[in-house]
Structures are given as structure tokens and as C-alpha cells.
Amino acid sequence: MTIYSKKYDERMKMISTIEQKLQIKFSKITLMLWLLYVIIGLVLALLKWGSYLQVDMIVINQEIHSHISNFIISMEAMILVGTGLLIFGRERKAITLCAVLLILANILCETMLGFVNTVDILDAVYGVGGTVLSYILLWLISQYGVKMD
């Protein structure tokens with residue numbers, strides 16, 4: 001047995017131990033979808049934040065570029081909090097409540113709290129879109145990708 005396979009076996013035992021303690025198992029496709037989704041969000045964030053260093057850099061087009069940060073923040077917040085809720089065995093009701101609260105907070109912040117943020121309805125729409133996309137992914141994961149022991 002090589003050193004590589006020993007390290008691999010140790011990692012797999014550790015993952016198995018974590019899954020046993022949490023009493024859940026994720027399907028491989030679920031993990032790949034989740035990881036792809038998070039990576040897409042991070043790439044969008046890096047492109048947006050990179051534009052602060054190079055002013056003439058625009059992601060896709062000017063309209064999307066000016067609102068994408070709200071989309072990214074809502075998307076990543078929902079997917080990370082929702083995944084945490086799934087891992088700790090919460091029902092879909094908790095994830096739905098989290099999504100509703102995030103949508104309400106987004107709309108409230110973008111429409112009524114002008115002293116905190118510039119009032120911008122399109123920012124609210126992009127934030128709601130990011131939350132809804134994450135909620136759909138979390139629903140699919142909870143429906144088809146998580147098995148409780």
C-alpha cells in the first residue's frame with residue numbers, strides 16, 4: 001500500500017465519521033452541484049471586485065455589472081446558511097423561513113433604508129433572484145441529495 005492510498009483511506013474514514021455523527025449522507029452529484037454553485041458565485045465576486053482595480057472592466061454588461069454584488073451576496077448567504085441548516089437536520093421549513101427573511105431584508109434595505117444604502121429597486125430584484133436560485137438548489141439537494149440515517 002502506498003503513502004497516497006493511506007492518506008486517502010484516512011481522509012475517507014474521517015469523512016465517514018463526520019457523516020455518522022451528523023447522521024446524513026450527501027450524494028456525489030449533490031456535492032458537485034453545490035461546489036459548482038459556490039465556485040460560480042466566487043468567480044462572479046472576484047470579477048466584480050476586480051473591476052475596482054481596473055475601472056473599465058465590466059462583467060457581462062453595465063446593467064448586470066452594477067447590480068451583481070447584491071445577487072452574489074444573497075446567493076452565497078442563502079446557500080451557506082441553508083447548507084448549514086441541512087447539515088444539522090433542519091426541515092425544509094427552516095430553509096424556507098431563511099429565504100423569506102433574506103428576501104424581506106433585501107427588499108427592506110433596498111427600498112426603505114435610504115440612510116444605509118442607496119435606494120435601488122433593481123438591486124432588490126437581483127438580491128431576490130440570488131436568494132431564489134439558492135433556495136431552488138437547496139430544495140433539490142434536500143429532496144434528492146441528502147439521505148438521513
# chains A, B, ... in the order shown; residues from 1 in each chain; ligands from 1
call {"tool": "residues_around", "arguments": {"residues": "Gly82 (chain A)", "least_positions_apart": "6", "cutoff": "12 Å", "atoms": "only C-alpha atoms", "output": "PyMOL selection string"}}
result
chain A and resi 34+74-76+88-100+102+131-132+134-142
call {"tool": "write_last_selection", "arguments": {"atoms": "C-alpha atoms", "output": "compact mmCIF listing (two decimals), in the first residue's frame"}}
result
# COMPACT_ATOMS: atom_id res chain seq x y z
CA TRP A 34 -23.16 22.61 -4.55
CA SER A 74 -27.76 36.99 -1.44
CA MET A 75 -26.84 33.87 -3.38
CA GLU A 76 -23.86 32.94 -1.21
CA PHE A 88 -27.83 19.94 11.15
CA GLY A 89 -31.01 18.19 10.13
CA ARG A 90 -33.42 21.10 9.95
CA GLU A 91 -36.58 20.66 7.94
CA ARG A 92 -37.30 22.48 4.72
CA LYS A 93 -39.48 24.90 6.69
CA ALA A 94 -36.37 26.40 8.29
CA ILE A 95 -34.73 26.86 4.90
CA THR A 96 -37.91 28.44 3.54
CA LEU A 97 -38.07 30.79 6.52
CA CYS A 98 -34.44 31.76 5.97
CA ALA A 99 -35.15 32.50 2.30
CA VAL A 100 -38.22 34.59 3.12
CA LEU A 102 -33.43 37.19 3.37
CA THR A 131 -31.92 34.03 -2.99
CA VAL A 132 -34.47 32.20 -5.14
CA SER A 134 -30.09 29.26 -3.97
CA TYR A 135 -33.40 28.17 -2.50
CA ILE A 136 -34.14 26.07 -5.59
CA LEU A 137 -30.74 24.39 -5.34
CA LEU A 138 -31.25 23.74 -1.62
CA TRP A 139 -34.70 22.31 -2.30
CA LEU A 140 -33.23 19.93 -4.90
CA ILE A 141 -30.46 18.93 -2.50
CA SER A 142 -32.89 18.31 0.36
call {"tool": "atom_distance", "arguments": {"atom1": "CA of Leu47 (chain A)", "atom2": "CA of Gly129 (chain A)"}}
result
18.9 Å
